[in-house]
Amino acid sequence: MLTFTIMAPQPTRRAAAVAGSWYPGHPGTLVSAIDQYFGRVRDMVSGDITALVAPHAGLMYSGPVAAHAYRQLEGRTYDVVVMVGPSHHVGFEGVAIVARGIFETPLGDVEVSAADADAIIASAPVVCELPAAHKREHSLEMQLPFLQRVLPGVPIVPLLMGHQSRATMTSLAEGLASALKSRRALLVASSDLSHYHDSRRAAMLDRVIVEAVERFDAEAVERALARDPGHACGGGPIVSVMRAARALGAADARVLSYADSGAVSGDTSAVVGYCAAVFGTFDAVI
């Protein structure tokens with residue numbers, strides 16, 4: 001008779017993969033860039049924030065948009081930040097988690113919340129340990145410097161979605177809502193929008209997702225992705241986070257910024273779209 005021993009998840013020290021290329025590798029330069037982007041944000045949301053959508057391209061391109069979402073977090077407190085992004089380098093079914101360890105950035109170490117990771121694994125059968133999927137992935141790494149700036153010391157749970165099937169999106173949303181119902185959690189969906197169309201075509205494609213997000217209509221996002229997955233590389237994470245946020249009590253959505261890479265590069269012939277949005281229960285824009 002064969003017996004098997006279930007090994008506990010092993011701690012992972014995940015080194016920064018794109019520091020020095022996608023964003024500054026020097027701490028002071030990185031802080032200066034983020035603070036400069038924050039300084040351009042004027043509209044602030046009052047009320048509770050449960051979740052956000054932010055892009056994950058190189059900082060000089062998507063940072064000005066991402067800052068609109070992350071600056072809303074200044075002065076707020078959370079127990080944990082649960083990040084959901086797409087896997088660009090490794091294909092797999094389900095959702096890959098790092099349940100123990102540290103994620104490094106030039107601004108220091110970010111700890112993984114083992115207790116929250118375990119709760120999510122227990123609540124969402126679609127989630128499994130696959131640290132290798134995280135090794136080269138930028139979609140979550142690009143969120144970390146912003147989080148370190150506005151929520152220093154708050155632990156994370158990093159999740160990468162593989163094949164973005166309806167079953168995976170649904171299972172993850174339900175699992176997150178169940179695991180986090182007694183926690184003060186922030187959900188982050190990491191996604192860029194359309195890729196490499198001219199800016200006019202990109203705006204048309206991106207408007208479908210942006211308007212569905214503004215309506216807090218996860219089903220409309222899912223339908224758009226079913227028709228054309230090219231609407232967003234992290235469309236599955238957006239759908240899961242929107243549904244989980246709704247289940248956790250969020251009632252409102254607000255799109256804070258939209259732009260494409262041509263605004264920085266000057267090349268409008270082949271752009272990537274970016275959107276920043278927040279979900280929660282809001283009072284007003286002040």
# chains A, B, ... in the order shown; residues from 1 in each chain; ligands from 1
>>> residues_around(residues="A:Tyr196", least_positions_apart="4", cutoff="9 Å", atoms="only C-alpha atoms", output="list in words")
Ala202, Ser269, Ala270, Val271, Val272 and Gly273 of chain A
>>> residues_around(residues="stretch 132-143 of chain A", least_positions_apart="4", cutoff="10 Å", atoms="only C-alpha atoms", output="MDAnalysis selection string")
chainID A and resid 12:19 22:23 54:59 62:63 66 70 83:92 95:98 103:105 147:148 158:162 188:192 233:234
>>> write_last_selection(atoms="C-alpha atoms", output="PDB file, in the first residue's frame")
ATOM      1  CA  THR A  12       9.636  31.511  -1.690  1.00  0.00           C
ATOM      2  CA  ARG A  13      11.883  34.541  -2.044  1.00  0.00           C
ATOM      3  CA  ARG A  14      10.792  35.977  -5.342  1.00  0.00           C
ATOM      4  CA  ALA A  15      13.418  38.337  -6.733  1.00  0.00           C
ATOM      5  CA  ALA A  16      12.299  41.385  -8.699  1.00  0.00           C
ATOM      6  CA  ALA A  17      12.289  40.358 -12.355  1.00  0.00           C
ATOM      7  CA  VAL A  18      11.858  43.681 -14.173  1.00  0.00           C
ATOM      8  CA  ALA A  19      13.379  46.266 -11.822  1.00  0.00           C
ATOM      9  CA  TRP A  22      10.292  48.162 -16.673  1.00  0.00           C
ATOM     10  CA  TYR A  23      10.690  50.527 -13.724  1.00  0.00           C
ATOM     11  CA  ALA A  54      -4.646  48.981 -12.561  1.00  0.00           C
ATOM     12  CA  PRO A  55      -2.415  48.422 -15.611  1.00  0.00           C
ATOM     13  CA  HIS A  56       0.954  46.685 -15.611  1.00  0.00           C
ATOM     14  CA  ALA A  57       3.034  48.027 -18.504  1.00  0.00           C
ATOM     15  CA  GLY A  58       6.364  49.785 -18.061  1.00  0.00           C
ATOM     16  CA  LEU A  59       6.094  52.459 -15.391  1.00  0.00           C
ATOM     17  CA  SER A  62       1.136  52.983 -17.522  1.00  0.00           C
ATOM     18  CA  GLY A  63       2.291  54.579 -14.267  1.00  0.00           C
ATOM     19  CA  ALA A  66      -2.164  53.391 -12.346  1.00  0.00           C
ATOM     20  CA  TYR A  70      -3.414  53.803  -6.049  1.00  0.00           C
ATOM     21  CA  MET A  83      -3.526  40.683  -6.281  1.00  0.00           C
ATOM     22  CA  VAL A  84      -4.824  38.858  -9.346  1.00  0.00           C
ATOM     23  CA  GLY A  85      -2.993  39.139 -12.648  1.00  0.00           C
ATOM     24  CA  PRO A  86      -2.614  37.241 -15.908  1.00  0.00           C
ATOM     25  CA  SER A  87       0.247  34.840 -16.574  1.00  0.00           C
ATOM     26  CA  HIS A  88       2.213  36.018 -19.620  1.00  0.00           C
ATOM     27  CA  HIS A  89       4.994  33.412 -19.636  1.00  0.00           C
ATOM     28  CA  VAL A  90       3.612  30.128 -18.283  1.00  0.00           C
ATOM     29  CA  GLY A  91       0.458  28.422 -19.530  1.00  0.00           C
ATOM     30  CA  PHE A  92      -1.599  26.391 -17.074  1.00  0.00           C
ATOM     31  CA  VAL A  95      -4.732  30.030 -10.631  1.00  0.00           C
ATOM     32  CA  ALA A  96      -1.149  29.935  -9.335  1.00  0.00           C
ATOM     33  CA  ILE A  97      -0.438  31.170  -5.818  1.00  0.00           C
ATOM     34  CA  VAL A  98       2.682  31.744  -3.760  1.00  0.00           C
ATOM     35  CA  PHE A 103       8.422  39.381  -2.977  1.00  0.00           C
ATOM     36  CA  GLU A 104      11.377  41.723  -3.459  1.00  0.00           C
ATOM     37  CA  THR A 105      11.385  45.199  -5.024  1.00  0.00           C
ATOM     38  CA  LEU A 147       1.399  49.401  -2.841  1.00  0.00           C
ATOM     39  CA  GLN A 148       4.622  49.884  -0.903  1.00  0.00           C
ATOM     40  CA  PRO A 158      -0.184  36.935  -5.197  1.00  0.00           C
ATOM     41  CA  LEU A 159      -2.411  35.090  -7.689  1.00  0.00           C
ATOM     42  CA  LEU A 160      -1.767  34.494 -11.389  1.00  0.00           C
ATOM     43  CA  MET A 161      -4.557  33.307 -13.654  1.00  0.00           C
ATOM     44  CA  GLY A 162      -3.572  30.839 -16.360  1.00  0.00           C
ATOM     45  CA  VAL A 188      -6.317  44.291  -7.131  1.00  0.00           C
ATOM     46  CA  ALA A 189      -6.951  43.236 -10.734  1.00  0.00           C
ATOM     47  CA  SER A 190      -3.887  43.789 -12.907  1.00  0.00           C
ATOM     48  CA  SER A 191      -4.699  44.259 -16.579  1.00  0.00           C
ATOM     49  CA  ASP A 192      -3.784  46.213 -19.651  1.00  0.00           C
ATOM     50  CA  CYS A 233      -4.855  40.661 -21.302  1.00  0.00           C
ATOM     51  CA  GLY A 234      -6.096  40.477 -17.701  1.00  0.00           C
TER      52      GLY A 234
END
>>> closest_residue(among="A:Arg223, A:Arg149, A:Arg243, A:Arg42", to="A:Gly75", atoms="only C-alpha atoms")
A:Arg149
>>> closest_residue(among="A:Val221, A:Val41, A:Leu256, A:Val210", to="A:Arg166", atoms="only C-alpha atoms")
A:Val221
>>> select_by_dssp(residues="stretch 173-276 of chain A", states="strand (DSSP E)", output="ChimeraX atom specification")
/A:185-190,195-197,252-260,271-276
>>> select_by_dssp(residues="stretch 58-163 of chain A", states="alpha helix (DSSP H)", output="count of residues only")
29
>>> closest_residue(among="A:Leu107, A:Leu248, A:Val112, A:Ala124", to="A:Pro27", atoms="only C-alpha atoms")
A:Leu107
>>> closest_residue(among="A:Gly153, A:Gly20, A:Gly175, A:Pro64", to="A:Pro106", atoms="only C-alpha atoms")
A:Gly20
>>> residues_around(residues="A:Gln72", least_positions_apart="5", cutoff="10 Å", atoms="only C-alpha atoms", output="PDB file with N, CA, C and O atoms, in the first residue's frame")
ATOM      1  N   PHE A  38       1.563  60.560  -8.656  1.00  0.00           N
ATOM      2  CA  PHE A  38       0.534  60.870  -7.645  1.00  0.00           C
ATOM      3  C   PHE A  38       0.190  62.358  -7.644  1.00  0.00           C
ATOM      4  O   PHE A  38      -0.965  62.741  -7.450  1.00  0.00           O
ATOM      5  N   VAL A  41      -2.705  63.515  -9.832  1.00  0.00           N
ATOM      6  CA  VAL A  41      -4.074  63.035  -9.577  1.00  0.00           C
ATOM      7  C   VAL A  41      -4.846  64.111  -8.847  1.00  0.00           C
ATOM      8  O   VAL A  41      -4.414  64.609  -7.805  1.00  0.00           O
ATOM      9  N   ASP A  43      -8.800  64.044  -8.853  1.00  0.00           N
ATOM     10  CA  ASP A  43     -10.076  63.514  -8.361  1.00  0.00           C
ATOM     11  C   ASP A  43      -9.842  62.426  -7.332  1.00  0.00           C
ATOM     12  O   ASP A  43      -9.101  61.467  -7.585  1.00  0.00           O
ATOM     13  N   MET A  44     -10.483  62.566  -6.179  1.00  0.00           N
ATOM     14  CA  MET A  44     -10.366  61.588  -5.108  1.00  0.00           C
ATOM     15  C   MET A  44     -11.747  61.040  -4.763  1.00  0.00           C
ATOM     16  O   MET A  44     -12.739  61.766  -4.777  1.00  0.00           O
ATOM     17  N   VAL A  45     -11.803  59.762  -4.438  1.00  0.00           N
ATOM     18  CA  VAL A  45     -13.053  59.085  -4.087  1.00  0.00           C
ATOM     19  C   VAL A  45     -13.198  59.076  -2.571  1.00  0.00           C
ATOM     20  O   VAL A  45     -12.253  58.728  -1.851  1.00  0.00           O
ATOM     21  N   SER A  46     -14.374  59.437  -2.087  1.00  0.00           N
ATOM     22  CA  SER A  46     -14.643  59.315  -0.653  1.00  0.00           C
ATOM     23  C   SER A  46     -15.589  58.144  -0.437  1.00  0.00           C
ATOM     24  O   SER A  46     -16.503  57.910  -1.227  1.00  0.00           O
ATOM     25  N   ILE A  49     -13.225  51.626  -0.245  1.00  0.00           N
ATOM     26  CA  ILE A  49     -12.688  51.014  -1.459  1.00  0.00           C
ATOM     27  C   ILE A  49     -12.385  49.557  -1.175  1.00  0.00           C
ATOM     28  O   ILE A  49     -11.616  49.233  -0.263  1.00  0.00           O
ATOM     29  N   LEU A  52      -9.630  47.444  -6.911  1.00  0.00           N
ATOM     30  CA  LEU A  52      -9.226  48.347  -7.969  1.00  0.00           C
ATOM     31  C   LEU A  52      -8.730  47.564  -9.173  1.00  0.00           C
ATOM     32  O   LEU A  52      -8.374  46.392  -9.084  1.00  0.00           O
ATOM     33  N   ALA A  67      -1.505  55.389 -11.150  1.00  0.00           N
ATOM     34  CA  ALA A  67      -1.466  56.293  -9.992  1.00  0.00           C
ATOM     35  C   ALA A  67      -2.842  56.788  -9.598  1.00  0.00           C
ATOM     36  O   ALA A  67      -3.106  57.048  -8.414  1.00  0.00           O
ATOM     37  N   VAL A 150       1.839  53.425  -0.723  1.00  0.00           N
ATOM     38  CA  VAL A 150       0.605  53.882  -0.061  1.00  0.00           C
ATOM     39  C   VAL A 150       0.167  52.981   1.092  1.00  0.00           C
ATOM     40  O   VAL A 150      -0.536  53.427   2.000  1.00  0.00           O
ATOM     41  N   LEU A 256     -11.345  56.028 -13.220  1.00  0.00           N
ATOM     42  CA  LEU A 256     -10.650  57.254 -12.856  1.00  0.00           C
ATOM     43  C   LEU A 256      -9.747  57.785 -13.961  1.00  0.00           C
ATOM     44  O   LEU A 256      -9.455  58.977 -14.004  1.00  0.00           O
ATOM     45  N   VAL A 278     -11.821  51.944  -9.510  1.00  0.00           N
ATOM     46  CA  VAL A 278     -11.989  51.477  -8.136  1.00  0.00           C
ATOM     47  C   VAL A 278     -13.428  51.030  -7.925  1.00  0.00           C
ATOM     48  O   VAL A 278     -14.351  51.495  -8.613  1.00  0.00           O
TER      49      VAL A 278
END
